[in-house]
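Chemist: File final32.csv below, CSV, C-alpha atoms:
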```
chain,number,residue,atom,x,y,z
A,1,MET,CA,73.3,97.0,145.4
A,2,LYS,CA,74.5,100.4,144.4
A,3,ASN,CA,77.3,100.3,147.0
A,4,ALA,CA,78.3,96.9,146.0
A,5,VAL,CA,78.6,98.0,142.4
A,6,LEU,CA,80.7,101.0,143.3
A,7,PHE,CA,82.9,98.7,145.5
A,8,VAL,CA,83.6,96.3,142.7
A,9,LEU,CA,84.2,99.0,140.2
A,10,THR,CA,86.7,100.6,142.5
A,11,ILE,CA,88.6,97.4,142.9
A,12,VAL,CA,88.6,96.7,139.2
A,13,THR,CA,89.8,100.2,138.4
A,14,ALA,CA,92.5,99.9,141.0
A,15,LEU,CA,93.6,96.6,139.6
A,16,THR,CA,93.8,98.0,136.1
A,17,ILE,CA,95.8,101.0,137.2
A,18,THR,CA,98.1,98.8,139.3
A,19,ALA,CA,98.7,96.5,136.4
A,20,GLN,CA,99.5,99.4,134.1
A,21,THR,CA,101.8,101.1,136.6
A,22,THR,CA,103.6,97.8,137.4
A,23,THR,CA,104.2,97.2,133.7
A,24,GLU,CA,105.6,100.6,132.9
A,25,ALA,CA,107.2,101.5,136.2
A,26,LEU,CA,110.9,102.4,136.3
A,27,GLN,CA,112.8,99.9,138.5
A,28,TYR,CA,115.9,101.3,140.2
A,29,ALA,CA,118.0,99.3,142.6
A,30,SER,CA,119.2,100.9,145.8
A,31,ASP,CA,122.5,101.9,144.2
A,32,GLY,CA,120.5,103.9,141.5
A,33,GLU,CA,121.1,101.4,138.7
A,34,LEU,CA,118.1,100.9,136.4
A,35,THR,CA,116.8,97.5,135.5
A,36,ALA,CA,116.1,97.1,131.7
A,37,PRO,CA,112.4,97.0,131.0
A,38,LYS,CA,111.6,93.3,130.2
A,39,ASN,CA,108.4,93.9,128.2
A,40,TYR,CA,109.7,96.7,125.9
A,41,ARG,CA,108.7,94.8,122.8
A,42,GLN,CA,105.1,94.9,123.9
A,43,ARG,CA,105.2,98.7,124.0
A,44,ILE,CA,104.5,101.2,121.2
A,45,TYR,CA,106.9,100.9,118.3
A,46,LEU,CA,108.0,104.2,116.9
A,47,SER,CA,110.5,103.5,114.0
A,48,SER,CA,113.6,101.8,112.8
A,49,GLY,CA,116.8,102.8,111.1
A,50,LEU,CA,119.7,101.0,109.5
A,51,GLY,CA,123.3,102.1,110.2
A,52,MET,CA,122.1,104.9,112.5
A,53,THR,CA,122.7,103.3,115.8
A,54,TYR,CA,124.6,105.4,118.3
A,55,GLY,CA,126.3,104.7,121.6
A,56,PRO,CA,128.7,101.8,122.2
A,57,ALA,CA,127.1,99.4,119.8
A,58,ALA,CA,127.6,101.8,116.9
A,59,GLN,CA,131.4,102.0,117.0
A,60,ALA,CA,131.8,99.3,114.4
A,61,GLY,CA,130.9,102.0,111.9
A,62,ALA,CA,129.3,102.0,108.5
A,63,ALA,CA,131.1,98.9,107.2
A,64,ASN,CA,128.8,96.8,109.5
A,65,PRO,CA,125.5,98.7,109.8
A,66,LYS,CA,123.0,97.6,112.5
A,67,PHE,CA,119.3,98.0,112.8
A,68,ASP,CA,117.8,100.1,115.7
A,69,ASN,CA,114.2,99.8,116.8
A,70,VAL,CA,112.6,102.4,119.1
A,71,PHE,CA,109.8,101.8,121.5
A,72,VAL,CA,108.0,104.0,124.0
A,73,ASN,CA,105.8,103.2,127.0
A,74,PRO,CA,102.0,103.3,126.0
A,75,THR,CA,100.9,105.8,128.7
A,76,SER,CA,103.4,108.4,127.4
A,77,TRP,CA,102.5,107.6,123.8
A,78,ARG,CA,98.8,108.3,124.6
A,79,ALA,CA,99.8,111.6,126.3
A,80,PHE,CA,101.9,112.6,123.3
A,81,ASN,CA,99.0,112.1,121.0
A,82,VAL,CA,97.0,114.6,123.0
A,83,THR,CA,99.6,117.2,123.9
A,84,GLY,CA,102.6,116.7,121.6
A,85,GLN,CA,104.8,116.5,124.8
A,86,TRP,CA,106.4,113.9,127.0
A,87,PRO,CA,105.1,113.4,130.5
A,88,ASP,CA,107.3,112.5,133.5
A,89,LYS,CA,108.4,108.8,133.5
A,90,THR,CA,108.5,108.6,129.7
A,91,THR,CA,110.7,105.7,128.8
A,92,PHE,CA,112.3,105.1,125.4
A,93,VAL,CA,114.0,101.8,124.6
A,94,LEU,CA,116.3,101.6,121.6
A,95,GLU,CA,117.0,98.0,120.6
A,96,VAL,CA,120.1,97.3,118.5
A,97,ARG,CA,120.1,94.2,116.2
A,98,SER,CA,122.5,92.9,113.7
A,99,ALA,CA,121.6,93.0,110.0
A,100,THR,CA,121.7,90.0,107.8
A,101,SER,CA,120.8,89.0,104.2
A,102,HIS,CA,120.4,86.0,101.9
A,103,GLY,CA,118.6,83.7,104.3
A,104,SER,CA,115.7,81.6,103.3
A,105,ILE,CA,114.0,83.1,100.2
A,106,ASN,CA,115.7,86.5,100.7
A,107,ASN,CA,118.2,87.4,98.0
A,108,GLY,CA,118.7,91.1,98.6
A,109,GLY,CA,118.2,93.9,101.1
A,110,GLN,CA,118.7,93.3,104.8
A,111,TYR,CA,116.7,92.1,107.8
A,112,GLN,CA,117.1,91.8,111.5
A,113,ASN,CA,118.9,89.1,113.5
A,114,GLU,CA,120.6,88.9,116.9
A,115,LEU,CA,120.0,91.3,119.7
A,116,LEU,CA,123.2,93.3,120.3
A,117,GLY,CA,122.2,95.8,123.0
A,118,LEU,CA,119.6,98.1,124.6
A,119,GLU,CA,119.8,101.8,125.2
A,120,VAL,CA,117.2,103.5,127.4
A,121,GLU,CA,116.3,107.1,127.8
A,122,VAL,CA,114.0,108.1,130.7
A,123,LYS,CA,112.4,111.3,131.8
A,124,ASP,CA,112.5,111.3,135.6
A,125,GLU,CA,112.3,114.9,136.8
A,126,LYS,CA,112.8,114.4,140.5
A,127,ARG,CA,115.7,112.0,140.1
A,128,PHE,CA,117.8,113.7,137.5
A,129,PRO,CA,118.7,117.5,137.5
A,130,GLN,CA,118.6,117.5,133.7
A,131,LYS,CA,115.2,115.7,133.8
A,132,TRP,CA,116.3,113.1,131.3
A,133,ALA,CA,118.9,110.3,131.7
A,134,PHE,CA,120.5,107.6,129.4
A,135,PHE,CA,121.4,104.0,130.2
A,136,ALA,CA,123.4,101.8,127.9
A,137,PHE,CA,122.9,98.1,128.6
A,138,GLU,CA,125.8,96.2,127.2
A,139,ALA,CA,125.7,93.1,129.4
A,140,GLY,CA,123.5,92.2,132.3
A,141,ASP,CA,120.2,93.8,132.9
A,142,LYS,CA,121.1,96.6,135.3
A,143,THR,CA,123.2,99.7,134.7
A,144,ALA,CA,124.0,103.1,136.1
A,145,PRO,CA,123.0,106.3,134.2
A,146,LEU,CA,125.5,107.7,131.8
A,147,PRO,CA,127.2,110.9,133.1
A,148,ALA,CA,125.3,114.1,132.6
A,149,ASN,CA,127.9,115.3,130.1
A,150,SER,CA,127.8,112.1,128.0
A,151,ALA,CA,127.5,112.3,124.2
A,152,CYS,CA,123.9,111.0,124.5
A,153,ASN,CA,122.9,113.7,126.9
A,154,THR,CA,124.6,116.5,125.0
A,155,CYS,CA,123.4,115.6,121.6
A,156,HIS,CA,119.8,115.0,122.6
A,157,SER,CA,119.6,118.2,124.6
A,158,GLN,CA,121.0,120.2,121.7
A,159,ASN,CA,119.2,118.5,118.8
A,160,GLY,CA,115.9,116.9,120.0
A,161,ALA,CA,113.0,118.0,117.9
A,162,VAL,CA,110.7,117.7,120.9
A,163,ASP,CA,112.0,118.1,124.4
A,164,ASN,CA,115.1,115.9,124.7
A,165,THR,CA,113.9,113.3,122.1
A,166,PHE,CA,114.6,112.6,118.4
A,167,VAL,CA,111.0,112.9,117.2
A,168,GLN,CA,112.5,114.0,113.9
A,169,PHE,CA,113.2,110.3,113.2
A,170,TYR,CA,109.7,109.0,114.2
A,171,PRO,CA,107.5,110.0,111.3
A,172,THR,CA,104.1,109.4,113.0
A,173,LEU,CA,105.1,111.5,116.0
A,174,LEU,CA,106.7,114.3,113.9
A,175,GLU,CA,103.3,115.0,112.3
A,176,ILE,CA,101.7,115.2,115.8
A,177,ALA,CA,104.4,117.6,117.1
A,178,LYS,CA,103.9,119.9,114.0
A,179,LYS,CA,100.2,120.0,114.7
A,180,LYS,CA,100.6,120.7,118.4
A,181,GLY,CA,103.4,123.2,117.9
A,182,THR,CA,105.8,121.5,120.2
A,183,LEU,CA,108.9,121.4,118.1
A,184,THR,CA,111.9,123.0,119.8
A,185,PRO,CA,113.0,126.5,118.7
A,186,ALA,CA,116.5,125.0,118.0
A,187,TYR,CA,115.1,122.4,115.8
A,188,LEU,CA,112.8,124.8,114.0
A,189,GLN,CA,115.8,127.2,113.4
A,190,LYS,CA,118.0,124.5,112.0
A,191,SER,CA,115.1,123.3,109.8
A,192,SER,CA,114.4,126.7,108.3
A,193,ALA,CA,118.2,127.1,107.7
A,194,GLY,CA,117.8,124.4,105.1
A,195,GLY,CA,120.0,121.5,106.3
A,196,GLY,CA,118.4,120.6,109.6
A,197,ALA,CA,115.0,119.1,109.0
A,198,ALA,CA,114.2,115.5,108.7
A,199,LYS,CA,113.4,115.2,105.0
B,1,MET,CA,76.0,91.6,147.7
B,2,LYS,CA,77.5,88.4,146.2
B,3,ASN,CA,75.1,88.5,143.3
B,4,ALA,CA,75.7,92.2,142.7
B,5,VAL,CA,79.5,91.6,142.6
B,6,LEU,CA,79.1,88.7,140.1
B,7,PHE,CA,76.8,90.9,138.1
B,8,VAL,CA,79.3,93.7,137.8
B,9,LEU,CA,82.2,91.4,137.2
B,10,THR,CA,80.3,89.8,134.4
B,11,ILE,CA,79.6,93.2,132.8
B,12,VAL,CA,83.2,94.3,133.2
B,13,THR,CA,84.5,91.0,131.7
B,14,ALA,CA,82.1,91.3,128.8
B,15,LEU,CA,83.1,94.9,128.1
B,16,THR,CA,86.8,93.9,128.2
B,17,ILE,CA,86.3,91.1,125.7
B,18,THR,CA,84.1,93.3,123.5
B,19,ALA,CA,86.7,96.0,123.5
B,20,GLN,CA,89.4,93.6,122.5
B,21,THR,CA,87.3,91.9,119.8
B,22,THR,CA,86.3,95.2,118.4
B,23,THR,CA,89.9,96.4,118.3
B,24,GLU,CA,91.2,93.3,116.5
B,25,ALA,CA,88.1,92.2,114.6
B,26,LEU,CA,88.5,91.8,110.8
B,27,GLN,CA,86.1,94.2,109.1
B,28,TYR,CA,84.8,93.0,105.8
B,29,ALA,CA,82.3,95.0,103.7
B,30,SER,CA,79.3,93.2,102.1
B,31,ASP,CA,81.3,92.8,98.9
B,32,GLY,CA,84.0,90.9,100.7
B,33,GLU,CA,86.5,93.8,100.7
B,34,LEU,CA,88.6,94.1,103.9
B,35,THR,CA,89.0,97.5,105.7
B,36,ALA,CA,92.6,98.2,106.6
B,37,PRO,CA,93.1,98.0,110.4
B,38,LYS,CA,93.4,101.5,111.7
B,39,ASN,CA,95.2,100.8,114.9
B,40,TYR,CA,97.9,98.5,113.5
B,41,ARG,CA,100.7,100.5,115.0
B,42,GLN,CA,99.4,99.9,118.5
B,43,ARG,CA,99.8,96.1,117.9
B,44,ILE,CA,102.8,93.9,118.5
B,45,TYR,CA,105.8,94.9,116.4
B,46,LEU,CA,107.7,91.9,115.0
B,47,SER,CA,110.6,93.2,112.9
B,48,SER,CA,111.7,95.5,110.0
B,49,GLY,CA,113.7,95.1,106.8
B,50,LEU,CA,115.3,97.4,104.3
B,51,GLY,CA,115.0,96.7,100.6
B,52,MET,CA,113.0,93.5,101.3
B,53,THR,CA,109.5,94.8,100.6
B,54,TYR,CA,107.4,92.6,98.3
B,55,GLY,CA,104.2,93.2,96.4
B,56,PRO,CA,103.4,96.2,94.3
B,57,ALA,CA,105.4,98.7,96.4
B,58,ALA,CA,108.6,96.7,95.8
B,59,GLN,CA,108.7,97.0,92.1
B,60,ALA,CA,111.0,100.1,92.2
B,61,GLY,CA,113.8,97.6,92.9
B,62,ALA,CA,117.1,97.7,94.7
B,63,ALA,CA,118.0,101.2,93.5
B,64,ASN,CA,115.4,102.7,95.8
B,65,PRO,CA,115.1,100.4,98.8
B,66,LYS,CA,112.2,100.8,101.2
B,67,PHE,CA,111.6,99.9,104.8
B,68,ASP,CA,109.0,97.4,105.9
B,69,ASN,CA,107.7,97.1,109.4
B,70,VAL,CA,105.6,94.0,110.4
B,71,PHE,CA,102.9,94.0,113.2
B,72,VAL,CA,100.6,91.2,114.4
B,73,ASN,CA,97.4,91.4,116.6
B,74,PRO,CA,98.2,91.0,120.3
B,75,THR,CA,95.8,88.1,120.9
B,76,SER,CA,97.5,86.0,118.2
B,77,TRP,CA,100.9,87.0,119.5
B,78,ARG,CA,100.1,85.8,123.0
B,79,ALA,CA,98.8,82.5,121.6
B,80,PHE,CA,102.0,82.1,119.5
B,81,ASN,CA,104.1,82.6,122.7
B,82,VAL,CA,102.3,79.6,124.2
B,83,THR,CA,101.8,77.3,121.2
B,84,GLY,CA,104.2,78.4,118.5
B,85,GLN,CA,101.2,78.4,116.1
B,86,TRP,CA,98.8,81.0,114.7
B,87,PRO,CA,95.1,80.9,115.7
B,88,ASP,CA,92.2,81.7,113.4
B,89,LYS,CA,91.8,85.5,112.8
B,90,THR,CA,95.6,86.1,113.0
B,91,THR,CA,96.3,89.4,111.2
B,92,PHE,CA,99.7,90.6,110.0
B,93,VAL,CA,100.2,94.1,108.8
B,94,LEU,CA,103.2,95.0,106.7
B,95,GLU,CA,103.8,98.7,106.5
B,96,VAL,CA,106.0,100.0,103.7
B,97,ARG,CA,107.8,103.3,104.3
B,98,SER,CA,110.3,105.3,102.2
B,99,ALA,CA,113.9,105.4,103.4
B,100,THR,CA,115.8,108.7,103.7
B,101,SER,CA,119.1,110.0,105.1
B,102,HIS,CA,121.0,113.2,106.0
B,103,GLY,CA,118.2,114.9,107.8
B,104,SER,CA,118.7,116.8,111.1
B,105,ILE,CA,121.9,115.5,112.7
B,106,ASN,CA,122.0,112.3,110.7
B,107,ASN,CA,124.9,112.0,108.3
B,108,GLY,CA,124.8,108.3,107.4
B,109,GLY,CA,122.6,105.2,107.3
B,110,GLN,CA,118.9,105.4,106.6
B,111,TYR,CA,115.8,106.0,108.5
B,112,GLN,CA,112.0,105.9,107.8
B,113,ASN,CA,109.9,108.6,106.3
B,114,GLU,CA,106.5,108.6,104.3
B,115,LEU,CA,104.0,105.8,104.5
B,116,LEU,CA,103.9,104.2,101.0
B,117,GLY,CA,101.5,101.3,101.5
B,118,LEU,CA,100.0,98.5,103.6
B,119,GLU,CA,99.9,94.8,102.9
B,120,VAL,CA,97.8,92.6,105.2
B,121,GLU,CA,97.7,88.8,105.6
B,122,VAL,CA,94.9,87.2,107.5
B,123,LYS,CA,94.1,83.7,108.7
B,124,ASP,CA,90.3,83.3,108.3
B,125,GLU,CA,89.6,79.6,108.0
B,126,LYS,CA,85.9,79.8,107.2
B,127,ARG,CA,86.1,82.5,104.6
B,128,PHE,CA,89.1,81.4,102.6
B,129,PRO,CA,89.6,77.8,101.3
B,130,GLN,CA,93.4,78.2,101.6
B,131,LYS,CA,92.8,79.6,105.2
B,132,TRP,CA,95.1,82.5,104.6
B,133,ALA,CA,94.5,85.5,102.3
B,134,PHE,CA,96.5,88.6,101.3
B,135,PHE,CA,95.3,92.2,100.8
B,136,ALA,CA,97.5,95.0,99.2
B,137,PHE,CA,96.2,98.5,100.1
B,138,GLU,CA,97.6,100.9,97.5
B,139,ALA,CA,95.0,103.7,97.8
B,140,GLY,CA,91.9,103.9,99.9
B,141,ASP,CA,91.2,101.9,103.0
B,142,LYS,CA,89.3,98.9,101.5
B,143,THR,CA,90.4,96.2,99.1
B,144,ALA,CA,89.5,92.7,97.8
B,145,PRO,CA,91.8,89.7,98.6
B,146,LEU,CA,94.5,88.9,96.1
B,147,PRO,CA,93.6,85.9,94.0
B,148,ALA,CA,94.4,82.5,95.5
B,149,ASN,CA,97.2,82.0,93.0
B,150,SER,CA,98.9,85.4,93.6
B,151,ALA,CA,102.6,85.6,94.1
B,152,CYS,CA,102.0,86.3,97.8
B,153,ASN,CA,99.9,83.2,98.4
B,154,THR,CA,102.2,80.9,96.5
B,155,CYS,CA,105.4,82.1,98.0
B,156,HIS,CA,104.1,82.1,101.6
B,157,SER,CA,102.5,78.6,101.3
B,158,GLN,CA,105.8,77.2,99.9
B,159,ASN,CA,108.3,79.1,102.1
B,160,GLY,CA,106.7,80.1,105.4
B,161,ALA,CA,108.7,78.9,108.4
B,162,VAL,CA,105.6,78.5,110.5
B,163,ASP,CA,102.3,77.8,108.8
B,164,ASN,CA,101.9,80.4,106.0
B,165,THR,CA,104.1,83.0,107.7
B,166,PHE,CA,107.7,84.3,107.3
B,167,VAL,CA,108.7,83.7,110.9
B,168,GLN,CA,112.2,83.1,109.6
B,169,PHE,CA,112.4,87.0,109.4
B,170,TYR,CA,111.1,87.7,112.9
B,171,PRO,CA,114.0,86.8,115.3
B,172,THR,CA,112.0,86.8,118.5
B,173,LEU,CA,109.3,84.4,117.1
B,174,LEU,CA,111.8,82.1,115.4
B,175,GLU,CA,113.2,81.2,118.8
B,176,ILE,CA,109.8,80.4,120.0
B,177,ALA,CA,109.0,78.2,117.0
B,178,LYS,CA,112.2,76.3,117.4
B,179,LYS,CA,111.4,75.6,121.1
B,180,LYS,CA,107.8,74.6,120.3
B,181,GLY,CA,108.8,72.5,117.3
B,182,THR,CA,106.4,74.2,114.9
B,183,LEU,CA,108.7,75.0,112.0
B,184,THR,CA,107.3,73.5,108.8
B,185,PRO,CA,109.0,70.4,107.3
B,186,ALA,CA,109.7,72.3,104.0
B,187,TYR,CA,111.5,75.0,106.0
B,188,LEU,CA,113.5,72.5,108.0
B,189,GLN,CA,114.5,70.6,104.9
B,190,LYS,CA,115.7,73.7,103.1
B,191,SER,CA,117.6,74.8,106.3
B,192,SER,CA,119.4,71.5,106.6
B,193,ALA,CA,120.3,71.7,102.9
B,194,GLY,CA,122.5,74.6,103.8
B,195,GLY,CA,121.1,77.5,101.8
B,196,GLY,CA,117.7,77.9,103.2
B,197,ALA,CA,117.8,79.0,106.8
B,198,ALA,CA,117.6,82.5,108.1
B,199,LYS,CA,121.1,83.1,109.3
```
Please express what this file holds, its structure, as C-alpha cells.
Modeler:
Amino acid sequence: MKNAVLFVLTIVTALTITAQTTTEALQYASDGELTAPKNYRQRIYLSSGLGMTYGPAAQAGAANPKFDNVFVNPTSWRAFNVTGQWPDKTTFVLEVRSATSHGSINNGGQYQNELLGLEVEVKDEKRFPQKWAFFAFEAGDKTAPLPANSACNTCHSQNGAVDNTFVQFYPTLLEIAKKKGTLTPAYLQKSSAGGGAAK
Amino acid sequence: MKNAVLFVLTIVTALTITAQTTTEALQYASDGELTAPKNYRQRIYLSSGLGMTYGPAAQAGAANPKFDNVFVNPTSWRAFNVTGQWPDKTTFVLEVRSATSHGSINNGGQYQNELLGLEVEVKDEKRFPQKWAFFAFEAGDKTAPLPANSACNTCHSQNGAVDNTFVQFYPTLLEIAKKKGTLTPAYLQKSSAGGGAAK
C-alpha cells in the first residue's frame, strides 16, 4: 500500500511539473528563432501604460498613443515574491494594443482594442552572453533576437530598476524590490538625484 | 494496488478541487458583507482603461484620469471560452490605480501607480434576486453590496454586452461572444443603430 501511494504521488508530481514546464518553456526553433508564447494572457499581469510603448510599434508617436500590457511567467513571479530577483528563464511579454474611445456607453477616456504587436524579453543565461534578450514580433509567431546592441538591450541594461527589467513601472513589484533590497545601484543613484524614481 | 491507486488519486483530485474552490470562493461574513478577494491579481487579466473608471473613485473626473484593470476568476474564464457565458459565482474585480508620468526614463504617456480602490461584481444567483451584485471597497476589506437600484446595477443590466457584464470593453472576450452568439439583444440593437458598438 505504502509503495503504491508513493508510486502514484510520484507520477502526479511529475505530471504537474511537466505541465508547468511545458506551459512556460521557451520554444526556440533550430535557427534560434523564438516562438511567441501562446498562453501569455493566462500569466501574471504586472501593469499597463498608455502612450509608453517602445520598440517598432511606438514609432507613431504621441499623436496616436497605444496601450501596453505586461505579463510575466508565474514561476518567475513566485520566485520574485520571495527573493526580489528574476530566476533564469524569466519571460516578460509586452502586449501592444490600440486605444479607442466613445464606443458603447463610453463617452470619455480610452480603452483597449486591437492587438498590434508583442515584444518579449527573456532571461536565458546559457544562450545569451548578456543573459537577457529581446524579441519584437511584428508579424508571424517566430522571430530572431534583437542584436545585443539594440535600443531595447541598451536601455534596459542601463535603466532597469531590478536586473534588466523595468520594475519601476510595475507598482506591486517595486514594493517587493524595495523590501528585498534588490534595486540596482544605478536606479537608486538616479532616484536619489531627484529626477529618476518612479513617482 | 489498484485500490490504493484509486484511493490516492481520489485524495489528490479532492485536494486540487478544494484548493481551487478555496482560492476562488466568495467569502461573505454573517452580516452579508463580502471580503475583497486577496489574490485577484493572480487571476485572469481582461483589459485596462484610462479615465474610464466608474463608481466612487471616478468622481474626480477627467482632469485627473485613473487607470482601471479588470480581472476575472479562472474557472469562469475557462467556462466563457467554451460557452461565451458566465457561470454562477463569476467574480470580476476592477482595480483602480492612479496615473503618473515622467518617472525614471519615462518622458511621456502615463503609467500606473498607487492602488486607489477595488470594485467587485459577482454573479450569485441564490443570494441576489437580480443574480448579480456590486461591491465598492473604499477602505477596509469588507463591504455590503450596493443597493439593487445603484448606478452600477442599472447601467450593467441595461448595457452589458454579455449578461450583466461589459464584455464590449474586453477585446479578447468580445471575439468569443461574437463567435458563440451570446451578445445581448439590447447590445446588438444599439450596435446596429451605429452609435453603440465598441469600435
Chemist: Need the shell around Phe166 (chain B): protein/DNA/RNA residues with any atom at most 12 Å away, counting all atoms listed in the file. Skip same-chain ones fewer than 3 positions apart. Format as a short mmCIF file (atom, residue, chain, number, x, y, z; two decimals) with C-alpha atoms, keeping the file's coordinate frame?
Modeler:
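Result file around35.cif:
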```
data_model
loop_
_atom_site.label_atom_id
_atom_site.label_comp_id
_atom_site.auth_asym_id
_atom_site.auth_seq_id
_atom_site.Cartn_x
_atom_site.Cartn_y
_atom_site.Cartn_z
CA GLY A 103 118.60 83.70 104.30
CA SER A 104 115.70 81.60 103.30
CA ILE A 105 114.00 83.10 100.20
CA ASN A 106 115.70 86.50 100.70
CA TYR A 111 116.70 92.10 107.80
CA LEU B 46 107.70 91.90 115.00
CA SER B 47 110.60 93.20 112.90
CA VAL B 70 105.60 94.00 110.40
CA PHE B 92 99.70 90.60 110.00
CA LEU B 94 103.20 95.00 106.70
CA GLU B 121 97.70 88.80 105.60
CA CYS B 152 102.00 86.30 97.80
CA ASN B 153 99.90 83.20 98.40
CA CYS B 155 105.40 82.10 98.00
CA HIS B 156 104.10 82.10 101.60
CA SER B 157 102.50 78.60 101.30
CA GLN B 158 105.80 77.20 99.90
CA ASN B 159 108.30 79.10 102.10
CA GLY B 160 106.70 80.10 105.40
CA ALA B 161 108.70 78.90 108.40
CA VAL B 162 105.60 78.50 110.50
CA ASP B 163 102.30 77.80 108.80
CA PHE B 169 112.40 87.00 109.40
CA TYR B 170 111.10 87.70 112.90
CA PRO B 171 114.00 86.80 115.30
CA LEU B 173 109.30 84.40 117.10
CA LEU B 174 111.80 82.10 115.40
CA ALA B 177 109.00 78.20 117.00
CA LEU B 183 108.70 75.00 112.00
CA THR B 184 107.30 73.50 108.80
CA TYR B 187 111.50 75.00 106.00
CA ALA B 197 117.80 79.00 106.80
CA ALA B 198 117.60 82.50 108.10
#
```
Chemist: Any idea what's packed within 9 Å of Val82 (chain B), counting all atoms listed in the file, ignoring anything in its chain fewer than 3 positions away? Could you give it as a PyMOL selection string?
Modeler: chain B and resi 77-79+85+176+180
Chemist: List the neighbours of Gly108 (chain B) out to 9 Å using all atoms listed in the file; skip same-chain residues closer than 3 positions along the sequence, and give me the result as a list in words.
Modeler: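 Neighbouring residues, sequence-local ones excluded: Gly51, Met52 and Ala62 of chain A; Ser101 and His102 of chain B.
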Chemist: From the list B:Leu118, B:Leu50, B:Ala151, B:Ala99, which residue is nearest chain A when using all atoms listed in the file?
Modeler: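 Looking at the shortest contact to chain A, the residue is B:Leu50.
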Chemist: Hey, can you check how far CA of Gln42 (chain A) sits from CA of Gln110 (chain A)?
Modeler: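 Distance reported for this atom pair: 23.5 Å.
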Chemist: Which one of B:Val122, B:Leu115, B:Val167, B:Ala144 sits closest to Asp31 (chain B) if you count only C-alpha atoms?
Modeler: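 Under the stated criterion, the closest residue is B:Ala144.
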Chemist: So that I can check the surroundings of Leu34 (chain A), please list as a ChimeraX atom specification every protein, DNA and RNA residue that reaches within 8 Å of it, counting all atoms listed in the file and ignoring chain neighbours fewer than 5 positions away.
Modeler: /A:26-29,135,142-145
Chemist: Which polymer residues have any atom within 8 Å of an atom of Val96 (chain B), counting all atoms listed in the file, with same-chain residues fewer than 5 positions away left out, as a tab-separated table (two decimals) with C-alpha atoms, in the coordinates of the input?
Modeler:
```
chain	number	residue	atom	x	y	z
B	53	THR	CA	109.50	94.80	100.60
B	57	ALA	CA	105.40	98.70	96.40
B	66	LYS	CA	112.20	100.80	101.20
B	67	PHE	CA	111.60	99.90	104.80
B	68	ASP	CA	109.00	97.40	105.90
B	69	ASN	CA	107.70	97.10	109.40
B	115	LEU	CA	104.00	105.80	104.50
B	116	LEU	CA	103.90	104.20	101.00
B	117	GLY	CA	101.50	101.30	101.50
B	118	LEU	CA	100.00	98.50	103.60
```
Chemist: Pick from A:Ala25, A:Leu146, A:Ile44, A:Ala36: nearest to chain B, with all atoms listed in the file counted?
Modeler: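 Residue with the minimum atom-to-atom distance to chain B: A:Ile44.
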Chemist: If I take CA of Gly84 (chain B) and CA of Gly181 (chain B), how far is one from the other in Å, to one decimal?
Modeler: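 Taking CA of Gly84 (chain B) and CA of Gly181 (chain B), their separation equals 7.6 Å.
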Chemist: Restricting the calculation to only C-alpha atoms: of A:Lys179, A:Arg43, A:Lys126, A:Lys89, which residue gets closest to chain B?
Modeler: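 With only C-alpha atoms as the atom set, the closest residue is A:Arg43.
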Chemist: Just give me the gap between CA of Glu119 (chain B) and CA of Glu175 (chain A) in Å, one decimal is fine.
Modeler: 22.5 Å
Chemist: With only C-alpha atoms as the atoms that count, which of A:Thr154, A:Gln168, A:Gln130, A:Ser98 lies nearest to chain B?
Modeler: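 Of the candidates, the smallest distance to chain B is held by A:Gln168.
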